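Each remark here refers to the structure printed beneath this line.
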Amino acid sequence: MSSPAIKAVLGPTNTGKTHLAVERLCAHSSGAIGFPLRLLAREVYDRVVAIKGADRVALITGEERIDPPGARWKLCTMEAMDRDADLAFIAIDEAQLGADRERGHVFTDRLLNARGREETMILGSSSLTPMVQSLEPEAEIVTRPRFSTLSHAGPVKLSRLPPRSAVVAFSAEQVYAVAEMLRRFRGGAAVVMGALSPQTRNAQVEMFQSGEVDYIVATDAIGMGLNLDVNHVAFASLAKFDGERRRRLTIAEMAQIAGRAGRHQTDGTFGSLAGDGDAEFRDDEIHAIENHSFPALQRLYWRDARPRLTSLDTLIQDLETPPDHPALAAAPEAIDLTVARLLASEPRIAKAAKGKAMVARFWDACSLPDFRQLGAEHHARFVARLWQELSTGSGHIAHDFAAARIAELDRTGGDIGTLQGRIAAIRSWSYIAQRPDWLLQREEMAERARGVERKLSEALHARLTERFVNRRTAVLMRKLGADAGLLPVTLGENEAVLVDGEEIGRLEGFAFHVDPQARLEMRRLLLAAAEKHLPALLDKRAKALLEDAANGQNLAWSGTKLAWNGHDVAQLRPGRDMLAPQIALEPGLGLLSQGRRAEIETALGHWLTSELKMLDPLRKVAEAAKELASGPELRALLIRLAEQGGIADREASGLGDLSPEQRQMMRRLGVRIGALDIFMPAMLRAKPLDHWAALARLSGQRTAAVEQSMAAALPATKGRAPLGYRKAGDRFVRIDLAERLLHAAHQRRTRWADAGRKRHRNPPRFALDPTMALSMGLTTRAYAGLLRQAGFTADAPASLPEGKFGPPSPPRWRWRPRNAQRDHAERGQRALAGRDEPGNGRGKGQHRKGERGKPARPAARPVPGNPFTELAELLS
């Protein structure tokens, strides 16, 4: 740790520490400075190149390496800094970050071990003083005063934020929200975050420095030495998530950020944004920041930077070893150690990491930074894939694999978040391409990665500028002042309400939805302009609605809502008659005049009446049910039909109580009397049933579902059959088609009965052809079930004796009215089972005899696919 010339230059921000380090670097024959950020290293690199020349200056970061053969002055990120380099001068910037939980151990290692031959300089906050005294007692400590005064300005509304201000937020969402509000009210803001590439960051900063925009919104990365012409720093919040929990900023962190105001000899101010109680400074914090008096650091985080590489176990053991100095504390587990632990637990990976060289290679892979910030497990999977390449074959990442991954990221489409994600991913490949022994074509891959990052950075800058900069807004507000009535309000694409081209909300149908950010006080002028012009916009829209209603266009009815062009304009409410609902306009139409509202209500009523015209047959039935002349029996049945959508089960309908005249009246009303159901064919379509079901639900009834296809048959499921269907066996059958099948069966029965009367006293049994039923989609089981519901019963065909063959014998059917069927149910079951039946002349167990007393001809063996055979098997 001993060195002949170690100088610690400590003090608050704006003391010229970095400027002094650059001067000392250039005064020596060689040297290096380690910075906390790639952005800052790049900024100082450009300054040193201007002094020494590009061929003698190197930039070394994890993702970018510009290292000419004769380079003697090097600007590095702290992780990329070679602590053993033989250089005349070494400087460590922002050394107080040794107390950072995530990266602190790296800064502490450089503070302890990076030394220049002639001079070593430690730069940092005054809070680092006791740590330097403890760890390097012979170091010279120099305290530098701040060049300008920093004072507290109190909370400031965003609408009154002074020009040349920086707003600091602690999440990307908060940065975007503040920048969006500044765009709409002040003309725009530059955006700076640590995740930006140097090219994007420089382009954004240049907009601010050149005066194109007067505001910059940034994360706390702005506090790490970025030099901007900022007069005021406003905190959007004083709390941040530190990786473990959300906590309030320390005074040192507040001062580091606030100190960006008032650079050089210009005084600066700091404060918070008004309206957020959590963003207000306490008196003790204000006093400490203004007087640059911060609590001293009590310890720095440390981890063995040179662990033994004999095995994975010793590697992890050394990384977990605590320090033996009271000023040092064991570093919390960083993501590289977490990844190493996860991968070491996998036998396949651990097996490949044998020997010092392979363990070192394994640790280098685990040290790949997690640029994408997707968590340890996700990062471990990525590292495992790289390790598979590095530990097998030639030990290099395959050219095709690397080229394909880089090509996947070479796309400039997408929003800001998408582009930032791609930039984070390409940074991983930029880092990989800088490793000397990971890629055979390292220079080619590095150039490809730089090219993709350059394209993505340009696209991201364009997106940021497009979203957060509006050069017209500031001029507009200065020109019009408080007279919002002069602001032109129009409708843009996607129904956006535009105030002089600036979107403040959306007009969806007749409902105006304010942009959530427009509710802030600073948006009052724009909202007042919108409210002033909305009635005229709505009236224009109302005329279009009336025209469409008259032509029957662009209107739709769904459930309880009437919609126009996809937007709700009215609600349906129950009326006195279920088939005549009432119309109530949506509240969004309240800004229209009373006369215009009445016109719309009338027009919607006419349209709805036209839409419900298909329910006229059902409406006639309901009106006939009110006529006393119809008689109580018929009225009761008609009421049931009206309440059930024109469908009623015949058995419970009371049909037997009707006179022939009443039945004839039903037929005139379009009601058909079937064997199983009484129904109205005009209602057995999807749209009429849909409308009736919607009205029924509106009036509080629970209805079955409507089958939109209205197919002849559907597979039966648990629960109620769809409207207009009857369950038969394993199928739901549409009732009008079920009646068609039953009508055909009765016609067959009648023909056989007429022929049988000439030869037999009793009507003969008859055969039925199931072909029509099968063509409708019924199974033989469903067809048999339907026939049984209608009173048809069948005798199973006799079996063939052993060794006998013949054509299939279809089952023989007979019909009894449903009342008679109940009386003879038991007798019918015995007949189907082959038991005694009165009058058949057989005893129990005897076979049926054919004509002239001969034994009946046995039925054929089953023939697959033959409907007669399947029906016979079902009944046997």
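We label chains A, B, ... in the order they appear in the structure tokens, count residues from 1 in each chain, and number ligands from 1 in the order shown.
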DSSP strand (DSSP E) selection over region 661-788 of chain A, as a ChimeraX atom specification: /A:672-673,677-679,713-715,725-728,731-734
Which of region 656-788 of chain A fall in helix (DSSP H, G or I), as a ChimeraX atom specification: /A:656-657,660-668,681-683,686-698,735-757,771-775,780-788
Spatial neighbours of Glu244 (chain A), 12 Å, only C-alpha atoms, chain gap at least 2 places, as a VMD selection string: chain A and resid 101 to 102 240 to 242 246 to 247 332 to 333
For Arg144 (chain A), the nearest of the candidates A:Leu123, A:Leu273, A:Val452, A:Ala91, counting only C-alpha atoms: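 Counting only C-alpha atoms, the residue closest to Arg144 (chain A) is A:Leu123.
The interatomic distance for the pair CA of Ala95 (chain A) and CA of Phe107 (chain A) works out to 6.1 Å.
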Pairwise distance for CA of Glu377 (chain A) and CA of Leu312 (chain A), rounded to one decimal in Å: 18.9 Å
Distance query Gln434 (chain A) at most 9 Å, only C-alpha atoms, self and fewer than 3 positions along chain excluded, as a list in words: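 Listed by chain and then number, they are Thr61, Gly62, Glu63, Glu64, Arg65, Trp429, Ser430, Tyr431, Asp437, Trp438, Leu439, Arg442, Glu443 and Ala446 of chain A.
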Residues just named, written with N, CA, C and O atoms as a PDB file, in the first residue's frame:
```pdb
ATOM      1  N   THR A  61     -12.815   0.769 -21.921  1.00  0.00           N
ATOM      2  CA  THR A  61     -13.990   0.462 -21.107  1.00  0.00           C
ATOM      3  C   THR A  61     -14.395  -0.977 -21.405  1.00  0.00           C
ATOM      4  O   THR A  61     -13.807  -1.629 -22.271  1.00  0.00           O
ATOM      5  N   GLY A  62     -15.376  -1.442 -20.691  1.00  0.00           N
ATOM      6  CA  GLY A  62     -15.815  -2.811 -20.921  1.00  0.00           C
ATOM      7  C   GLY A  62     -16.356  -3.028 -22.315  1.00  0.00           C
ATOM      8  O   GLY A  62     -16.190  -4.104 -22.896  1.00  0.00           O
ATOM      9  N   GLU A  63     -17.006  -2.011 -22.890  1.00  0.00           N
ATOM     10  CA  GLU A  63     -17.652  -2.177 -24.192  1.00  0.00           C
ATOM     11  C   GLU A  63     -16.917  -1.524 -25.344  1.00  0.00           C
ATOM     12  O   GLU A  63     -17.262  -1.748 -26.508  1.00  0.00           O
ATOM     13  N   GLU A  64     -15.934  -0.689 -25.037  1.00  0.00           N
ATOM     14  CA  GLU A  64     -15.267   0.075 -26.095  1.00  0.00           C
ATOM     15  C   GLU A  64     -13.783   0.122 -25.779  1.00  0.00           C
ATOM     16  O   GLU A  64     -13.377   0.362 -24.632  1.00  0.00           O
ATOM     17  N   ARG A  65     -13.003  -0.105 -26.793  1.00  0.00           N
ATOM     18  CA  ARG A  65     -11.547  -0.108 -26.590  1.00  0.00           C
ATOM     19  C   ARG A  65     -10.879   0.585 -27.768  1.00  0.00           C
ATOM     20  O   ARG A  65     -10.866   0.066 -28.883  1.00  0.00           O
ATOM     21  N   TRP A 429     -22.406  -7.639 -26.170  1.00  0.00           N
ATOM     22  CA  TRP A 429     -21.569  -8.162 -27.246  1.00  0.00           C
ATOM     23  C   TRP A 429     -20.374  -7.256 -27.521  1.00  0.00           C
ATOM     24  O   TRP A 429     -19.310  -7.737 -27.952  1.00  0.00           O
ATOM     25  N   SER A 430     -20.526  -5.969 -27.268  1.00  0.00           N
ATOM     26  CA  SER A 430     -19.362  -5.079 -27.365  1.00  0.00           C
ATOM     27  C   SER A 430     -18.324  -5.461 -26.320  1.00  0.00           C
ATOM     28  O   SER A 430     -17.118  -5.467 -26.586  1.00  0.00           O
ATOM     29  N   TYR A 431     -18.796  -5.788 -25.109  1.00  0.00           N
ATOM     30  CA  TYR A 431     -17.887  -6.220 -24.039  1.00  0.00           C
ATOM     31  C   TYR A 431     -17.211  -7.532 -24.429  1.00  0.00           C
ATOM     32  O   TYR A 431     -15.991  -7.692 -24.267  1.00  0.00           O
ATOM     33  N   ASP A 437      -9.328 -13.202 -25.994  1.00  0.00           N
ATOM     34  CA  ASP A 437      -9.277 -14.619 -26.336  1.00  0.00           C
ATOM     35  C   ASP A 437     -10.654 -15.279 -26.406  1.00  0.00           C
ATOM     36  O   ASP A 437     -10.780 -16.484 -26.260  1.00  0.00           O
ATOM     37  N   TRP A 438     -11.713 -14.485 -26.618  1.00  0.00           N
ATOM     38  CA  TRP A 438     -13.052 -15.067 -26.686  1.00  0.00           C
ATOM     39  C   TRP A 438     -13.538 -15.233 -28.114  1.00  0.00           C
ATOM     40  O   TRP A 438     -14.380 -16.080 -28.386  1.00  0.00           O
ATOM     41  N   LEU A 439     -13.039 -14.421 -29.016  1.00  0.00           N
ATOM     42  CA  LEU A 439     -13.458 -14.465 -30.412  1.00  0.00           C
ATOM     43  C   LEU A 439     -12.236 -14.507 -31.310  1.00  0.00           C
ATOM     44  O   LEU A 439     -11.276 -13.762 -31.095  1.00  0.00           O
ATOM     45  N   ARG A 442     -12.051 -11.041 -33.499  1.00  0.00           N
ATOM     46  CA  ARG A 442     -12.424 -10.050 -32.489  1.00  0.00           C
ATOM     47  C   ARG A 442     -12.642  -8.672 -33.097  1.00  0.00           C
ATOM     48  O   ARG A 442     -13.632  -7.998 -32.802  1.00  0.00           O
ATOM     49  N   GLU A 443     -11.754  -8.231 -33.965  1.00  0.00           N
ATOM     50  CA  GLU A 443     -11.875  -6.889 -34.536  1.00  0.00           C
ATOM     51  C   GLU A 443     -13.133  -6.777 -35.401  1.00  0.00           C
ATOM     52  O   GLU A 443     -13.836  -5.764 -35.364  1.00  0.00           O
ATOM     53  N   ALA A 446     -16.141  -6.690 -33.078  1.00  0.00           N
ATOM     54  CA  ALA A 446     -16.190  -5.419 -32.359  1.00  0.00           C
ATOM     55  C   ALA A 446     -16.707  -4.308 -33.261  1.00  0.00           C
ATOM     56  O   ALA A 446     -17.510  -3.456 -32.840  1.00  0.00           O
TER      57      ALA A 446
END
```
Selection: 8 Å around Arg427 (chain A), only C-alpha atoms, excl. self and same-chain fewer than 6 positions, as number ranges by chain: A: 63, 371, 449, 453
Export N, CA and C atoms of the chosen residues as a PDB file, in the first residue's frame?
```
ATOM      1  N   GLU A  63     -17.006  -2.011 -22.890  1.00  0.00           N
ATOM      2  CA  GLU A  63     -17.652  -2.177 -24.192  1.00  0.00           C
ATOM      3  C   GLU A  63     -16.917  -1.524 -25.344  1.00  0.00           C
ATOM      4  N   PHE A 371     -25.700  -5.933 -18.347  1.00  0.00           N
ATOM      5  CA  PHE A 371     -26.171  -4.676 -18.920  1.00  0.00           C
ATOM      6  C   PHE A 371     -27.687  -4.632 -19.041  1.00  0.00           C
ATOM      7  N   ALA A 449     -20.455  -4.766 -33.722  1.00  0.00           N
ATOM      8  CA  ALA A 449     -21.185  -4.339 -32.530  1.00  0.00           C
ATOM      9  C   ALA A 449     -21.218  -2.823 -32.427  1.00  0.00           C
ATOM     10  N   GLU A 453     -24.557  -0.511 -32.439  1.00  0.00           N
ATOM     11  CA  GLU A 453     -24.799   0.432 -31.346  1.00  0.00           C
ATOM     12  C   GLU A 453     -24.952   1.857 -31.875  1.00  0.00           C
TER      13      GLU A 453
END
```
Interatomic distance (Å, one decimal) between CA of Arg573 (chain A) and CA of His691 (chain A):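 Between CA of Arg573 (chain A) and CA of His691 (chain A) the gap is 14.1 Å.
With only C-alpha atoms as the atoms that count, the residue of A:Ala32, A:Ala172, A:Ala584, A:Ala496 with the shortest distance to Ala88 (chain A) is A:Ala32.
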Contacts of Ser659 (chain A) at 10 Å (only C-alpha atoms; same-chain gap of 4+ positions) as an MDAnalysis selection string: chainID A and resid 631 633:634 655 663:665
Print the selection's residues with all heavy atoms to a file, as a PDB file, in the first residue's frame.
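So selection-v1.pdb came out as:
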```pdb
ATOM      1  N   GLY A 631    -109.550 -16.439 -25.415  1.00  0.00           N
ATOM      2  CA  GLY A 631    -109.878 -17.480 -24.453  1.00  0.00           C
ATOM      3  C   GLY A 631    -108.739 -17.702 -23.477  1.00  0.00           C
ATOM      4  O   GLY A 631    -107.565 -17.543 -23.839  1.00  0.00           O
ATOM      5  N   GLU A 633    -107.408 -20.435 -22.158  1.00  0.00           N
ATOM      6  CA  GLU A 633    -106.467 -21.512 -22.439  1.00  0.00           C
ATOM      7  C   GLU A 633    -105.430 -21.071 -23.472  1.00  0.00           C
ATOM      8  O   GLU A 633    -104.223 -21.268 -23.302  1.00  0.00           O
ATOM      9  CB  GLU A 633    -107.215 -22.754 -22.956  1.00  0.00           C
ATOM     10  CG  GLU A 633    -108.223 -23.338 -21.987  1.00  0.00           C
ATOM     11  CD  GLU A 633    -109.579 -22.627 -22.074  1.00  0.00           C
ATOM     12  OE1 GLU A 633    -109.684 -21.665 -22.880  1.00  0.00           O
ATOM     13  OE2 GLU A 633    -110.491 -23.011 -21.331  1.00  0.00           O
ATOM     14  N   LEU A 634    -105.937 -20.454 -24.555  1.00  0.00           N
ATOM     15  CA  LEU A 634    -105.023 -20.005 -25.603  1.00  0.00           C
ATOM     16  C   LEU A 634    -104.155 -18.856 -25.116  1.00  0.00           C
ATOM     17  O   LEU A 634    -102.959 -18.792 -25.412  1.00  0.00           O
ATOM     18  CB  LEU A 634    -105.809 -19.591 -26.845  1.00  0.00           C
ATOM     19  CG  LEU A 634    -104.957 -19.062 -28.020  1.00  0.00           C
ATOM     20  CD1 LEU A 634    -103.932 -20.111 -28.455  1.00  0.00           C
ATOM     21  CD2 LEU A 634    -105.856 -18.664 -29.177  1.00  0.00           C
ATOM     22  N   LEU A 655    -102.078 -27.938 -24.567  1.00  0.00           N
ATOM     23  CA  LEU A 655    -102.598 -27.937 -25.926  1.00  0.00           C
ATOM     24  C   LEU A 655    -103.911 -28.737 -26.030  1.00  0.00           C
ATOM     25  O   LEU A 655    -104.799 -28.404 -26.808  1.00  0.00           O
ATOM     26  CB  LEU A 655    -101.547 -28.525 -26.877  1.00  0.00           C
ATOM     27  CG  LEU A 655    -101.898 -28.529 -28.368  1.00  0.00           C
ATOM     28  CD1 LEU A 655    -101.985 -27.103 -28.905  1.00  0.00           C
ATOM     29  CD2 LEU A 655    -100.861 -29.325 -29.149  1.00  0.00           C
ATOM     30  N   ARG A 663    -106.708 -23.640 -32.182  1.00  0.00           N
ATOM     31  CA  ARG A 663    -105.519 -24.154 -32.866  1.00  0.00           C
ATOM     32  C   ARG A 663    -105.324 -23.474 -34.224  1.00  0.00           C
ATOM     33  O   ARG A 663    -104.197 -23.167 -34.629  1.00  0.00           O
ATOM     34  CB  ARG A 663    -105.648 -25.662 -33.052  1.00  0.00           C
ATOM     35  CG  ARG A 663    -105.622 -26.449 -31.746  1.00  0.00           C
ATOM     36  CD  ARG A 663    -105.508 -27.932 -31.999  1.00  0.00           C
ATOM     37  NE  ARG A 663    -105.473 -28.686 -30.762  1.00  0.00           N
ATOM     38  CZ  ARG A 663    -104.825 -29.837 -30.588  1.00  0.00           C
ATOM     39  NH1 ARG A 663    -104.144 -30.343 -31.601  1.00  0.00           N
ATOM     40  NH2 ARG A 663    -104.855 -30.476 -29.430  1.00  0.00           N
ATOM     41  N   GLN A 664    -106.416 -23.248 -34.910  1.00  0.00           N
ATOM     42  CA  GLN A 664    -106.319 -22.562 -36.196  1.00  0.00           C
ATOM     43  C   GLN A 664    -105.807 -21.142 -36.007  1.00  0.00           C
ATOM     44  O   GLN A 664    -105.015 -20.643 -36.815  1.00  0.00           O
ATOM     45  CB  GLN A 664    -107.701 -22.556 -36.874  1.00  0.00           C
ATOM     46  CG  GLN A 664    -107.695 -21.969 -38.279  1.00  0.00           C
ATOM     47  CD  GLN A 664    -106.817 -22.769 -39.220  1.00  0.00           C
ATOM     48  OE1 GLN A 664    -106.662 -23.967 -39.073  1.00  0.00           O
ATOM     49  NE2 GLN A 664    -106.219 -22.078 -40.190  1.00  0.00           N
ATOM     50  N   MET A 665    -106.214 -20.466 -34.931  1.00  0.00           N
ATOM     51  CA  MET A 665    -105.736 -19.109 -34.642  1.00  0.00           C
ATOM     52  C   MET A 665    -104.219 -19.132 -34.411  1.00  0.00           C
ATOM     53  O   MET A 665    -103.488 -18.235 -34.850  1.00  0.00           O
ATOM     54  CB  MET A 665    -106.460 -18.549 -33.422  1.00  0.00           C
ATOM     55  CG  MET A 665    -106.058 -17.114 -33.078  1.00  0.00           C
ATOM     56  SD  MET A 665    -106.889 -16.503 -31.606  1.00  0.00           S
ATOM     57  CE  MET A 665    -108.594 -16.529 -32.178  1.00  0.00           C
TER      58      MET A 665
END
```
Given only C-alpha atoms as the counted atoms, nearest of A:Gly413, A:Pro617, A:Gly729, A:Gly777 to Ala712 (chain A):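 Using only C-alpha atoms, Ala712 (chain A) sits closest to A:Gly777.
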Which of A:Leu309, A:Arg619, A:Leu182, A:Ala334 sits closest to Met358 (chain A) [using only C-alpha atoms]: A:Leu309
